[in-house]
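The file run_23.cif comes next; it holds mmCIF, N, CA and C atoms.
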```cif
data_start
loop_
_atom_site.label_atom_id
_atom_site.label_comp_id
_atom_site.auth_asym_id
_atom_site.auth_seq_id
_atom_site.Cartn_x
_atom_site.Cartn_y
_atom_site.Cartn_z
N MET A 15 134.73 108.34 69.44
CA MET A 15 136.06 108.35 68.86
C MET A 15 136.35 106.92 68.39
N LYS A 16 136.49 106.79 67.08
CA LYS A 16 136.60 105.46 66.49
C LYS A 16 138.04 104.96 66.39
N TYR A 17 138.97 105.81 65.96
CA TYR A 17 140.33 105.36 65.71
C TYR A 17 141.37 105.86 66.72
N PHE A 18 141.00 106.84 67.51
CA PHE A 18 141.95 107.47 68.42
C PHE A 18 141.39 107.46 69.84
N THR A 19 142.29 107.43 70.81
CA THR A 19 141.88 107.42 72.21
C THR A 19 142.39 108.67 72.92
N LEU A 20 141.74 109.00 74.02
CA LEU A 20 142.21 110.12 74.83
C LEU A 20 143.65 109.87 75.30
N GLU A 21 143.96 108.63 75.62
CA GLU A 21 145.31 108.30 76.07
C GLU A 21 146.37 108.66 75.03
N GLU A 22 146.14 108.31 73.77
CA GLU A 22 147.16 108.62 72.77
C GLU A 22 147.18 110.10 72.42
N LEU A 23 146.08 110.80 72.63
CA LEU A 23 146.04 112.24 72.38
C LEU A 23 146.66 113.05 73.52
N THR A 24 147.00 112.39 74.63
CA THR A 24 147.63 113.08 75.76
C THR A 24 148.99 112.49 76.10
N ARG A 25 149.40 111.44 75.41
CA ARG A 25 150.68 110.78 75.67
C ARG A 25 151.83 111.66 75.21
N SER A 26 152.90 111.67 76.00
CA SER A 26 154.08 112.45 75.63
C SER A 26 155.32 111.83 76.23
N ALA A 27 156.28 111.50 75.38
CA ALA A 27 157.55 110.96 75.87
C ALA A 27 158.27 111.99 76.73
N VAL A 28 158.19 113.25 76.36
CA VAL A 28 158.85 114.32 77.14
C VAL A 28 158.21 114.42 78.53
N ALA A 29 156.89 114.38 78.58
CA ALA A 29 156.20 114.46 79.87
C ALA A 29 156.58 113.28 80.75
N THR A 30 156.62 112.09 80.17
CA THR A 30 156.97 110.89 80.93
C THR A 30 158.40 110.98 81.43
N ALA A 31 159.32 111.34 80.55
CA ALA A 31 160.74 111.39 80.92
C ALA A 31 161.03 112.44 81.98
N ARG A 32 160.31 113.54 81.93
CA ARG A 32 160.58 114.64 82.86
C ARG A 32 159.60 114.71 84.04
N GLY A 33 158.66 113.79 84.08
CA GLY A 33 157.69 113.78 85.16
C GLY A 33 156.72 114.97 85.12
N ILE A 34 156.40 115.43 83.92
CA ILE A 34 155.51 116.57 83.75
C ILE A 34 154.07 116.05 83.62
N PRO A 35 153.17 116.52 84.48
CA PRO A 35 151.78 116.11 84.32
C PRO A 35 151.18 116.65 83.02
N ASN A 36 150.40 115.81 82.37
CA ASN A 36 149.79 116.22 81.09
C ASN A 36 148.33 115.75 81.08
N ILE A 37 147.56 116.29 81.98
CA ILE A 37 146.16 115.87 82.15
C ILE A 37 145.25 117.03 81.72
N PRO A 38 144.48 116.80 80.67
CA PRO A 38 143.60 117.88 80.20
C PRO A 38 142.42 118.10 81.14
N GLY A 39 141.96 119.34 81.19
CA GLY A 39 140.75 119.66 81.92
C GLY A 39 139.53 119.31 81.08
N GLU A 40 138.37 119.59 81.60
CA GLU A 40 137.13 119.25 80.91
C GLU A 40 137.03 119.92 79.55
N ASN A 41 137.34 121.21 79.47
CA ASN A 41 137.27 121.93 78.19
C ASN A 41 138.23 121.34 77.16
N GLU A 42 139.43 120.99 77.60
CA GLU A 42 140.43 120.42 76.69
C GLU A 42 140.02 119.03 76.24
N ARG A 43 139.44 118.23 77.14
CA ARG A 43 138.95 116.90 76.76
C ARG A 43 137.83 117.02 75.71
N GLU A 44 136.94 117.97 75.92
CA GLU A 44 135.87 118.18 74.96
C GLU A 44 136.43 118.61 73.60
N ALA A 45 137.42 119.50 73.61
CA ALA A 45 138.04 119.94 72.36
C ALA A 45 138.74 118.79 71.65
N LEU A 46 139.41 117.91 72.42
CA LEU A 46 140.06 116.74 71.82
C LEU A 46 139.03 115.81 71.18
N GLU A 47 137.89 115.67 71.81
CA GLU A 47 136.83 114.84 71.25
C GLU A 47 136.30 115.45 69.96
N VAL A 48 136.09 116.76 69.94
CA VAL A 48 135.63 117.44 68.73
C VAL A 48 136.68 117.30 67.63
N LEU A 49 137.94 117.54 67.95
CA LEU A 49 139.03 117.38 66.99
C LEU A 49 139.01 115.99 66.37
N THR A 50 138.84 115.00 67.21
CA THR A 50 138.86 113.61 66.74
C THR A 50 137.64 113.28 65.90
N LEU A 51 136.47 113.61 66.39
CA LEU A 51 135.24 113.26 65.66
C LEU A 51 135.09 114.03 64.35
N ALA A 52 135.48 115.30 64.37
CA ALA A 52 135.30 116.15 63.19
C ALA A 52 136.43 116.02 62.18
N LEU A 53 137.63 115.65 62.63
CA LEU A 53 138.78 115.70 61.72
C LEU A 53 139.62 114.42 61.72
N LEU A 54 140.13 114.02 62.87
CA LEU A 54 141.07 112.89 62.89
C LEU A 54 140.43 111.58 62.43
N ASP A 55 139.26 111.24 62.98
CA ASP A 55 138.60 110.00 62.56
C ASP A 55 138.23 110.02 61.08
N PRO A 56 137.63 111.11 60.56
CA PRO A 56 137.34 111.12 59.11
C PRO A 56 138.60 111.01 58.24
N ILE A 57 139.69 111.64 58.65
CA ILE A 57 140.95 111.51 57.90
C ILE A 57 141.40 110.06 57.88
N ARG A 58 141.39 109.44 59.05
CA ARG A 58 141.82 108.03 59.16
C ARG A 58 140.93 107.11 58.34
N GLU A 59 139.64 107.38 58.35
CA GLU A 59 138.68 106.57 57.60
C GLU A 59 139.02 106.60 56.11
N ILE A 60 139.27 107.78 55.57
CA ILE A 60 139.59 107.92 54.14
C ILE A 60 140.99 107.38 53.84
N TRP A 61 141.95 107.63 54.73
CA TRP A 61 143.32 107.18 54.53
C TRP A 61 143.37 105.66 54.48
N GLY A 62 142.62 105.00 55.35
CA GLY A 62 142.53 103.54 55.32
C GLY A 62 143.69 102.80 55.94
N LYS A 63 144.60 103.51 56.57
CA LYS A 63 145.76 102.90 57.21
C LYS A 63 146.02 103.63 58.52
N PRO A 64 146.83 103.04 59.42
CA PRO A 64 147.08 103.70 60.70
C PRO A 64 147.72 105.08 60.55
N ILE A 65 147.33 105.95 61.46
CA ILE A 65 147.91 107.27 61.63
C ILE A 65 148.26 107.38 63.10
N TYR A 66 149.44 107.89 63.40
CA TYR A 66 149.93 107.95 64.78
C TYR A 66 149.98 109.40 65.26
N VAL A 67 149.69 109.60 66.53
CA VAL A 67 149.73 110.92 67.13
C VAL A 67 151.08 111.11 67.81
N ASN A 68 151.86 112.07 67.35
CA ASN A 68 153.13 112.43 67.99
C ASN A 68 152.90 113.33 69.18
N SER A 69 151.95 114.24 69.04
CA SER A 69 151.67 115.22 70.09
C SER A 69 150.23 115.68 69.93
N GLY A 70 149.48 115.60 71.00
CA GLY A 70 148.11 116.11 71.01
C GLY A 70 148.03 117.21 72.05
N TYR A 71 147.24 116.97 73.08
CA TYR A 71 147.12 117.95 74.16
C TYR A 71 148.47 118.13 74.85
N ARG A 72 148.76 119.39 75.21
CA ARG A 72 149.96 119.71 75.99
C ARG A 72 149.56 120.62 77.15
N SER A 73 149.90 120.20 78.35
CA SER A 73 149.71 121.07 79.51
C SER A 73 150.62 122.28 79.35
N PRO A 74 150.35 123.38 80.06
CA PRO A 74 151.23 124.55 79.94
C PRO A 74 152.70 124.21 80.20
N GLU A 75 152.96 123.39 81.21
CA GLU A 75 154.35 123.02 81.54
C GLU A 75 154.97 122.19 80.42
N LEU A 76 154.23 121.24 79.88
CA LEU A 76 154.75 120.43 78.78
C LEU A 76 154.96 121.28 77.54
N ASN A 77 154.02 122.15 77.23
CA ASN A 77 154.16 123.02 76.07
C ASN A 77 155.43 123.86 76.15
N LYS A 78 155.71 124.36 77.34
CA LYS A 78 156.93 125.14 77.54
C LYS A 78 158.17 124.27 77.36
N ALA A 79 158.11 123.04 77.90
CA ALA A 79 159.26 122.12 77.82
C ALA A 79 159.61 121.74 76.39
N VAL A 80 158.60 121.66 75.51
CA VAL A 80 158.87 121.28 74.12
C VAL A 80 159.06 122.48 73.20
N GLY A 81 159.03 123.69 73.78
CA GLY A 81 159.27 124.90 73.00
C GLY A 81 158.06 125.36 72.22
N GLY A 82 156.86 124.97 72.65
CA GLY A 82 155.64 125.40 71.97
C GLY A 82 155.35 126.86 72.24
N VAL A 83 154.64 127.50 71.34
CA VAL A 83 154.26 128.90 71.53
C VAL A 83 153.20 128.99 72.61
N ALA A 84 153.14 130.10 73.30
CA ALA A 84 152.25 130.27 74.45
C ALA A 84 150.78 130.07 74.08
N ASN A 85 150.39 130.47 72.88
CA ASN A 85 148.99 130.34 72.48
C ASN A 85 148.74 129.10 71.61
N SER A 86 149.56 128.08 71.76
CA SER A 86 149.44 126.86 70.96
C SER A 86 148.06 126.23 71.08
N GLN A 87 147.54 125.80 69.95
CA GLN A 87 146.26 125.09 69.96
C GLN A 87 146.37 123.74 70.67
N HIS A 88 147.58 123.22 70.79
CA HIS A 88 147.79 121.98 71.55
C HIS A 88 147.35 122.18 73.01
N ARG A 89 147.59 123.35 73.55
CA ARG A 89 147.21 123.64 74.95
C ARG A 89 145.70 123.62 75.14
N LYS A 90 144.96 123.90 74.08
CA LYS A 90 143.50 123.94 74.16
C LYS A 90 142.85 122.61 73.77
N GLY A 91 143.66 121.64 73.34
CA GLY A 91 143.12 120.37 72.87
C GLY A 91 142.58 120.45 71.46
N GLN A 92 142.97 121.48 70.73
CA GLN A 92 142.45 121.69 69.38
C GLN A 92 143.40 121.22 68.28
N ALA A 93 144.56 120.64 68.64
CA ALA A 93 145.55 120.29 67.62
C ALA A 93 146.21 118.96 67.92
N ALA A 94 146.66 118.34 66.84
CA ALA A 94 147.46 117.12 66.96
C ALA A 94 148.52 117.13 65.88
N ASP A 95 149.70 116.63 66.23
CA ASP A 95 150.75 116.38 65.26
C ASP A 95 150.68 114.90 64.95
N ILE A 96 150.51 114.57 63.67
CA ILE A 96 150.29 113.19 63.27
C ILE A 96 151.33 112.74 62.26
N THR A 97 151.47 111.42 62.13
CA THR A 97 152.39 110.85 61.16
C THR A 97 151.89 109.48 60.72
N THR A 98 152.29 109.10 59.54
CA THR A 98 152.02 107.75 59.04
C THR A 98 153.18 106.83 59.38
N GLY A 99 154.30 107.42 59.76
CA GLY A 99 155.50 106.66 60.08
C GLY A 99 156.64 106.89 59.10
N ASN A 100 156.34 107.55 57.96
CA ASN A 100 157.43 107.87 57.04
C ASN A 100 157.10 109.12 56.24
N THR A 101 158.13 109.80 55.81
CA THR A 101 157.99 111.10 55.15
C THR A 101 157.20 111.02 53.85
N ALA A 102 157.47 110.02 53.02
CA ALA A 102 156.78 109.92 51.74
C ALA A 102 155.26 109.79 51.94
N SER A 103 154.86 108.94 52.87
CA SER A 103 153.43 108.78 53.14
C SER A 103 152.85 110.02 53.81
N ASN A 104 153.64 110.67 54.66
CA ASN A 104 153.16 111.91 55.28
C ASN A 104 152.84 112.96 54.22
N ARG A 105 153.65 113.04 53.20
CA ARG A 105 153.40 114.01 52.12
C ARG A 105 152.10 113.67 51.38
N LYS A 106 151.85 112.39 51.18
CA LYS A 106 150.60 111.97 50.54
C LYS A 106 149.40 112.27 51.45
N LEU A 107 149.56 112.01 52.74
CA LEU A 107 148.48 112.29 53.68
C LEU A 107 148.20 113.79 53.74
N PHE A 108 149.24 114.60 53.75
CA PHE A 108 149.08 116.05 53.73
C PHE A 108 148.24 116.48 52.53
N ALA A 109 148.57 115.97 51.35
CA ALA A 109 147.83 116.31 50.13
C ALA A 109 146.38 115.84 50.23
N LEU A 110 146.17 114.67 50.80
CA LEU A 110 144.81 114.16 50.98
C LEU A 110 143.98 115.09 51.86
N ILE A 111 144.58 115.53 52.96
CA ILE A 111 143.87 116.42 53.88
C ILE A 111 143.62 117.78 53.20
N ARG A 112 144.64 118.32 52.57
CA ARG A 112 144.54 119.63 51.91
C ARG A 112 143.48 119.64 50.82
N ASP A 113 143.45 118.57 50.02
CA ASP A 113 142.61 118.55 48.83
C ASP A 113 141.32 117.75 49.00
N GLY A 114 141.14 117.13 50.17
CA GLY A 114 140.04 116.19 50.35
C GLY A 114 138.75 116.77 50.89
N GLY A 115 138.66 118.09 51.00
CA GLY A 115 137.42 118.69 51.47
C GLY A 115 137.23 118.65 52.98
N PHE A 116 138.29 118.34 53.71
CA PHE A 116 138.20 118.32 55.16
C PHE A 116 138.11 119.74 55.71
N ASP A 117 137.33 119.90 56.76
CA ASP A 117 137.21 121.20 57.43
C ASP A 117 138.24 121.23 58.55
N PHE A 118 139.23 122.10 58.44
CA PHE A 118 140.27 122.21 59.45
C PHE A 118 140.57 123.68 59.70
N ASP A 119 141.21 123.95 60.82
CA ASP A 119 141.66 125.30 61.09
C ASP A 119 143.03 125.50 60.45
N GLN A 120 143.99 124.67 60.87
CA GLN A 120 145.33 124.73 60.27
C GLN A 120 145.77 123.34 59.84
N LEU A 121 146.49 123.31 58.74
CA LEU A 121 147.16 122.13 58.25
C LEU A 121 148.58 122.56 57.96
N ILE A 122 149.54 121.98 58.67
CA ILE A 122 150.93 122.42 58.52
C ILE A 122 151.82 121.23 58.20
N ASP A 123 152.57 121.35 57.12
CA ASP A 123 153.61 120.39 56.77
C ASP A 123 154.84 120.80 57.58
N GLU A 124 155.15 120.01 58.58
CA GLU A 124 156.26 120.33 59.48
C GLU A 124 157.53 119.60 59.04
N ALA A 125 158.61 120.36 58.94
CA ALA A 125 159.95 119.82 58.64
C ALA A 125 159.94 118.94 57.39
N ASP A 126 159.34 119.48 56.32
CA ASP A 126 159.34 118.82 55.01
C ASP A 126 158.79 117.40 55.07
N GLY A 127 157.64 117.26 55.70
CA GLY A 127 156.96 115.96 55.73
C GLY A 127 157.30 115.07 56.90
N THR A 128 158.08 115.59 57.84
CA THR A 128 158.43 114.77 59.00
C THR A 128 157.20 114.45 59.84
N TRP A 129 156.30 115.43 59.99
CA TRP A 129 155.00 115.21 60.61
C TRP A 129 154.04 116.27 60.10
N ILE A 130 152.76 116.08 60.42
CA ILE A 130 151.70 116.98 59.98
C ILE A 130 150.97 117.51 61.20
N HIS A 131 150.83 118.81 61.28
CA HIS A 131 150.04 119.45 62.33
C HIS A 131 148.65 119.71 61.75
N VAL A 132 147.61 119.25 62.47
CA VAL A 132 146.24 119.54 62.09
C VAL A 132 145.52 120.12 63.30
N SER A 133 144.64 121.08 63.05
CA SER A 133 143.86 121.64 64.15
C SER A 133 142.44 121.89 63.69
N TYR A 134 141.57 121.96 64.69
CA TYR A 134 140.14 122.15 64.44
C TYR A 134 139.55 122.96 65.58
N ILE A 135 138.77 123.98 65.25
CA ILE A 135 138.08 124.77 66.27
C ILE A 135 136.58 124.51 66.16
N SER A 136 135.97 125.02 65.10
CA SER A 136 134.55 124.81 64.82
C SER A 136 134.32 125.19 63.37
N PRO A 137 133.21 124.75 62.78
CA PRO A 137 132.97 125.10 61.38
C PRO A 137 132.98 126.61 61.12
N SER A 138 132.49 127.39 62.06
CA SER A 138 132.45 128.84 61.83
C SER A 138 133.78 129.55 62.09
N GLU A 139 134.68 128.90 62.82
CA GLU A 139 135.96 129.53 63.16
C GLU A 139 137.16 128.98 62.40
N ASN A 140 137.03 127.82 61.78
CA ASN A 140 138.15 127.23 61.05
C ASN A 140 138.58 128.12 59.89
N ARG A 141 139.90 128.31 59.77
CA ARG A 141 140.45 129.20 58.74
C ARG A 141 140.88 128.48 57.46
N ARG A 142 140.97 127.14 57.52
CA ARG A 142 141.49 126.34 56.40
C ARG A 142 142.84 126.87 55.93
N GLN A 143 143.68 127.18 56.89
CA GLN A 143 145.01 127.73 56.64
C GLN A 143 145.98 126.58 56.37
N VAL A 144 146.69 126.65 55.25
CA VAL A 144 147.67 125.63 54.86
C VAL A 144 149.04 126.27 54.89
N LEU A 145 149.94 125.67 55.68
CA LEU A 145 151.29 126.22 55.84
C LEU A 145 152.34 125.11 55.68
N LYS A 146 153.56 125.54 55.44
CA LYS A 146 154.68 124.60 55.34
C LYS A 146 155.88 125.20 56.08
N TYR A 147 156.44 124.42 57.00
CA TYR A 147 157.63 124.86 57.74
C TYR A 147 158.74 123.88 57.59
#
```

Could you rewrite the structure in this file as structure tokens?
Amino acid sequence: MKYFTLEELTRSAVATARGIPNIPGENEREALEVLTLALLDPIREIWGKPIYVNSGYRSPELNKAVGGVANSQHRKGQAADITTGNTASNRKLFALIRDGGFDFDQLIDEADGTWIHVSYISPSENRRQVLKY
């Protein structure tokens, strides 16, 4: 993992504030590594500027606390919500990911560019689904 760490992929202000443990198991750590090596690091390499993780892995308790769906890919370590720090750049990054030939499962423009949800399962299972909420 070149640009991202396990710590930032598991960090959560909500978990810290509420004392919720957010420690991934072995399967989730492996999925986070695959997500990073296959998707996050290549995106960052092409983008050429910092990208920040708002939310990566979520324990079941944390996922519930933030209103995540029960089958969220965040719970499996397969997803990250990322941002460049501003909406205009997030929209450009979204377009780069969508049009740049990246292999992803889901790419979601959340809240009109407020952040970007990206997920990765495997080359054979990725749906390349592009959504906007």

Can you list, as an mmCIF file with N, CA and C atoms, keeping the file's coordinate frame, every protein, DNA or RNA residue that comes within 12 Å of Val132 (chain A) when you count only C-alpha atoms, leaving out same-chain residues fewer than 4 positions away?
```cif
data_model
loop_
_atom_site.group_PDB
_atom_site.id
_atom_site.type_symbol
_atom_site.label_atom_id
_atom_site.label_comp_id
_atom_site.auth_asym_id
_atom_site.auth_seq_id
_atom_site.Cartn_x
_atom_site.Cartn_y
_atom_site.Cartn_z
ATOM 1 N N LEU A 46 139.410 117.910 72.420
ATOM 2 C CA LEU A 46 140.060 116.740 71.820
ATOM 3 C C LEU A 46 139.030 115.810 71.180
ATOM 4 N N LEU A 49 137.940 117.540 67.950
ATOM 5 C CA LEU A 49 139.030 117.380 66.990
ATOM 6 C C LEU A 49 139.010 115.990 66.370
ATOM 7 N N THR A 50 138.840 115.000 67.210
ATOM 8 C CA THR A 50 138.860 113.610 66.740
ATOM 9 C C THR A 50 137.640 113.280 65.900
ATOM 10 N N ALA A 52 135.480 115.300 64.370
ATOM 11 C CA ALA A 52 135.300 116.150 63.190
ATOM 12 C C ALA A 52 136.430 116.020 62.180
ATOM 13 N N LEU A 53 137.630 115.650 62.630
ATOM 14 C CA LEU A 53 138.780 115.700 61.720
ATOM 15 C C LEU A 53 139.620 114.420 61.720
ATOM 16 N N LEU A 54 140.130 114.020 62.870
ATOM 17 C CA LEU A 54 141.070 112.890 62.890
ATOM 18 C C LEU A 54 140.430 111.580 62.430
ATOM 19 N N ILE A 57 139.690 111.640 58.650
ATOM 20 C CA ILE A 57 140.950 111.510 57.900
ATOM 21 C C ILE A 57 141.400 110.060 57.880
ATOM 22 N N VAL A 67 149.690 109.600 66.530
ATOM 23 C CA VAL A 67 149.730 110.920 67.130
ATOM 24 C C VAL A 67 151.080 111.110 67.810
ATOM 25 N N ASN A 68 151.860 112.070 67.350
ATOM 26 C CA ASN A 68 153.130 112.430 67.990
ATOM 27 C C ASN A 68 152.900 113.330 69.180
ATOM 28 N N SER A 69 151.950 114.240 69.040
ATOM 29 C CA SER A 69 151.670 115.220 70.090
ATOM 30 C C SER A 69 150.230 115.680 69.930
ATOM 31 N N GLY A 70 149.480 115.600 71.000
ATOM 32 C CA GLY A 70 148.110 116.110 71.010
ATOM 33 C C GLY A 70 148.030 117.210 72.050
ATOM 34 N N SER A 86 149.560 128.080 71.760
ATOM 35 C CA SER A 86 149.440 126.860 70.960
ATOM 36 C C SER A 86 148.060 126.230 71.080
ATOM 37 N N GLN A 87 147.540 125.800 69.950
ATOM 38 C CA GLN A 87 146.260 125.090 69.960
ATOM 39 C C GLN A 87 146.370 123.740 70.670
ATOM 40 N N HIS A 88 147.580 123.220 70.790
ATOM 41 C CA HIS A 88 147.790 121.980 71.550
ATOM 42 C C HIS A 88 147.350 122.180 73.010
ATOM 43 N N GLY A 91 143.660 121.640 73.340
ATOM 44 C CA GLY A 91 143.120 120.370 72.870
ATOM 45 C C GLY A 91 142.580 120.450 71.460
ATOM 46 N N GLN A 92 142.970 121.480 70.730
ATOM 47 C CA GLN A 92 142.450 121.690 69.380
ATOM 48 C C GLN A 92 143.400 121.220 68.280
ATOM 49 N N ALA A 93 144.560 120.640 68.640
ATOM 50 C CA ALA A 93 145.550 120.290 67.620
ATOM 51 C C ALA A 93 146.210 118.960 67.920
ATOM 52 N N ALA A 94 146.660 118.340 66.840
ATOM 53 C CA ALA A 94 147.460 117.120 66.960
ATOM 54 C C ALA A 94 148.520 117.130 65.880
ATOM 55 N N ASP A 95 149.700 116.630 66.230
ATOM 56 C CA ASP A 95 150.750 116.380 65.260
ATOM 57 C C ASP A 95 150.680 114.900 64.950
ATOM 58 N N ILE A 96 150.510 114.570 63.670
ATOM 59 C CA ILE A 96 150.290 113.190 63.270
ATOM 60 C C ILE A 96 151.330 112.740 62.260
ATOM 61 N N THR A 97 151.470 111.420 62.130
ATOM 62 C CA THR A 97 152.390 110.850 61.160
ATOM 63 C C THR A 97 151.890 109.480 60.720
ATOM 64 N N LEU A 107 149.560 112.010 52.740
ATOM 65 C CA LEU A 107 148.480 112.290 53.680
ATOM 66 C C LEU A 107 148.200 113.790 53.740
ATOM 67 N N PHE A 108 149.240 114.600 53.750
ATOM 68 C CA PHE A 108 149.080 116.050 53.730
ATOM 69 C C PHE A 108 148.240 116.480 52.530
ATOM 70 N N ILE A 111 144.580 115.530 52.960
ATOM 71 C CA ILE A 111 143.870 116.420 53.880
ATOM 72 C C ILE A 111 143.620 117.780 53.200
ATOM 73 N N ARG A 112 144.640 118.320 52.570
ATOM 74 C CA ARG A 112 144.540 119.630 51.910
ATOM 75 C C ARG A 112 143.480 119.640 50.820
ATOM 76 N N PHE A 116 138.290 118.340 53.710
ATOM 77 C CA PHE A 116 138.200 118.320 55.160
ATOM 78 C C PHE A 116 138.110 119.740 55.710
ATOM 79 N N ASP A 117 137.330 119.900 56.760
ATOM 80 C CA ASP A 117 137.210 121.200 57.430
ATOM 81 C C ASP A 117 138.240 121.230 58.550
ATOM 82 N N PHE A 118 139.230 122.100 58.440
ATOM 83 C CA PHE A 118 140.270 122.210 59.450
ATOM 84 C C PHE A 118 140.570 123.680 59.700
ATOM 85 N N ASP A 119 141.210 123.950 60.820
ATOM 86 C CA ASP A 119 141.660 125.300 61.090
ATOM 87 C C ASP A 119 143.030 125.500 60.450
ATOM 88 N N GLN A 120 143.990 124.670 60.870
ATOM 89 C CA GLN A 120 145.330 124.730 60.270
ATOM 90 C C GLN A 120 145.770 123.340 59.840
ATOM 91 N N LEU A 121 146.490 123.310 58.740
ATOM 92 C CA LEU A 121 147.160 122.130 58.250
ATOM 93 C C LEU A 121 148.580 122.560 57.960
ATOM 94 N N ILE A 122 149.540 121.980 58.670
ATOM 95 C CA ILE A 122 150.930 122.420 58.520
ATOM 96 C C ILE A 122 151.820 121.230 58.200
ATOM 97 N N ASP A 123 152.570 121.350 57.120
ATOM 98 C CA ASP A 123 153.610 120.390 56.770
ATOM 99 C C ASP A 123 154.840 120.800 57.580
ATOM 100 N N GLU A 124 155.150 120.010 58.580
ATOM 101 C CA GLU A 124 156.260 120.330 59.480
ATOM 102 C C GLU A 124 157.530 119.600 59.040
ATOM 103 N N ASN A 140 137.030 127.820 61.780
ATOM 104 C CA ASN A 140 138.150 127.230 61.050
ATOM 105 C C ASN A 140 138.580 128.120 59.890
ATOM 106 N N ARG A 141 139.900 128.310 59.770
ATOM 107 C CA ARG A 141 140.450 129.200 58.740
ATOM 108 C C ARG A 141 140.880 128.480 57.460
ATOM 109 N N ARG A 142 140.970 127.140 57.520
ATOM 110 C CA ARG A 142 141.490 126.340 56.400
ATOM 111 C C ARG A 142 142.840 126.870 55.930
ATOM 112 N N GLN A 143 143.680 127.180 56.890
ATOM 113 C CA GLN A 143 145.010 127.730 56.640
ATOM 114 C C GLN A 143 145.980 126.580 56.370
ATOM 115 N N VAL A 144 146.690 126.650 55.250
ATOM 116 C CA VAL A 144 147.670 125.630 54.860
ATOM 117 C C VAL A 144 149.040 126.270 54.890
ATOM 118 N N LEU A 145 149.940 125.670 55.680
ATOM 119 C CA LEU A 145 151.290 126.220 55.840
ATOM 120 C C LEU A 145 152.340 125.110 55.680
ATOM 121 N N LYS A 146 153.560 125.540 55.440
ATOM 122 C CA LYS A 146 154.680 124.600 55.340
ATOM 123 C C LYS A 146 155.880 125.200 56.080
#
```

For the point (154.1, 112.3, 75.2) in file coordinates, what residues are within 12 Å, counting only C-alpha atoms? Give the answer as a short mmCIF file (atom, residue, chain, number, x, y, z; two decimals) with N, CA and C atoms, keeping the file's coordinate frame?
```
data_model
loop_
_atom_site.label_atom_id
_atom_site.label_comp_id
_atom_site.auth_asym_id
_atom_site.auth_seq_id
_atom_site.Cartn_x
_atom_site.Cartn_y
_atom_site.Cartn_z
N GLU A 21 143.96 108.63 75.62
CA GLU A 21 145.31 108.30 76.07
C GLU A 21 146.37 108.66 75.03
N GLU A 22 146.14 108.31 73.77
CA GLU A 22 147.16 108.62 72.77
C GLU A 22 147.18 110.10 72.42
N LEU A 23 146.08 110.80 72.63
CA LEU A 23 146.04 112.24 72.38
C LEU A 23 146.66 113.05 73.52
N THR A 24 147.00 112.39 74.63
CA THR A 24 147.63 113.08 75.76
C THR A 24 148.99 112.49 76.10
N ARG A 25 149.40 111.44 75.41
CA ARG A 25 150.68 110.78 75.67
C ARG A 25 151.83 111.66 75.21
N SER A 26 152.90 111.67 76.00
CA SER A 26 154.08 112.45 75.63
C SER A 26 155.32 111.83 76.23
N ALA A 27 156.28 111.50 75.38
CA ALA A 27 157.55 110.96 75.87
C ALA A 27 158.27 111.99 76.73
N VAL A 28 158.19 113.25 76.36
CA VAL A 28 158.85 114.32 77.14
C VAL A 28 158.21 114.42 78.53
N ALA A 29 156.89 114.38 78.58
CA ALA A 29 156.20 114.46 79.87
C ALA A 29 156.58 113.28 80.75
N THR A 30 156.62 112.09 80.17
CA THR A 30 156.97 110.89 80.93
C THR A 30 158.40 110.98 81.43
N ALA A 31 159.32 111.34 80.55
CA ALA A 31 160.74 111.39 80.92
C ALA A 31 161.03 112.44 81.98
N ARG A 32 160.31 113.54 81.93
CA ARG A 32 160.58 114.64 82.86
C ARG A 32 159.60 114.71 84.04
N GLY A 33 158.66 113.79 84.08
CA GLY A 33 157.69 113.78 85.16
C GLY A 33 156.72 114.97 85.12
N ILE A 34 156.40 115.43 83.92
CA ILE A 34 155.51 116.57 83.75
C ILE A 34 154.07 116.05 83.62
N PRO A 35 153.17 116.52 84.48
CA PRO A 35 151.78 116.11 84.32
C PRO A 35 151.18 116.65 83.02
N ASN A 36 150.40 115.81 82.37
CA ASN A 36 149.79 116.22 81.09
C ASN A 36 148.33 115.75 81.08
N ILE A 37 147.56 116.29 81.98
CA ILE A 37 146.16 115.87 82.15
C ILE A 37 145.25 117.03 81.72
N VAL A 67 149.69 109.60 66.53
CA VAL A 67 149.73 110.92 67.13
C VAL A 67 151.08 111.11 67.81
N ASN A 68 151.86 112.07 67.35
CA ASN A 68 153.13 112.43 67.99
C ASN A 68 152.90 113.33 69.18
N SER A 69 151.95 114.24 69.04
CA SER A 69 151.67 115.22 70.09
C SER A 69 150.23 115.68 69.93
N GLY A 70 149.48 115.60 71.00
CA GLY A 70 148.11 116.11 71.01
C GLY A 70 148.03 117.21 72.05
N TYR A 71 147.24 116.97 73.08
CA TYR A 71 147.12 117.95 74.16
C TYR A 71 148.47 118.13 74.85
N ARG A 72 148.76 119.39 75.21
CA ARG A 72 149.96 119.71 75.99
C ARG A 72 149.56 120.62 77.15
N SER A 73 149.90 120.20 78.35
CA SER A 73 149.71 121.07 79.51
C SER A 73 150.62 122.28 79.35
N LEU A 76 154.23 121.24 79.88
CA LEU A 76 154.75 120.43 78.78
C LEU A 76 154.96 121.28 77.54
N ASN A 77 154.02 122.15 77.23
CA ASN A 77 154.16 123.02 76.07
C ASN A 77 155.43 123.86 76.15
N ALA A 79 158.11 123.04 77.90
CA ALA A 79 159.26 122.12 77.82
C ALA A 79 159.61 121.74 76.39
N VAL A 80 158.60 121.66 75.51
CA VAL A 80 158.87 121.28 74.12
C VAL A 80 159.06 122.48 73.20
N ALA A 94 146.66 118.34 66.84
CA ALA A 94 147.46 117.12 66.96
C ALA A 94 148.52 117.13 65.88
N ASP A 95 149.70 116.63 66.23
CA ASP A 95 150.75 116.38 65.26
C ASP A 95 150.68 114.90 64.95
#
```

Response to the item:
Correct to one decimal, the distance CA of Trp129 (chain A)-CA of Asn41 (chain A) is 25.9 Å

Worksheet entry | DSSP-assigned helix (DSSP H, G or I) among chain A, expressed as an MDAnalysis selection string | chainID A and resid 20:24 27:32 40:61 74:79 87:90 101:113

Worksheet entry | atom N of Leu110 (chain A) to atom C of Ala84 (chain A), distance in Å rounded to a single decimal |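 These atoms are spaced 28.3 Å apart.
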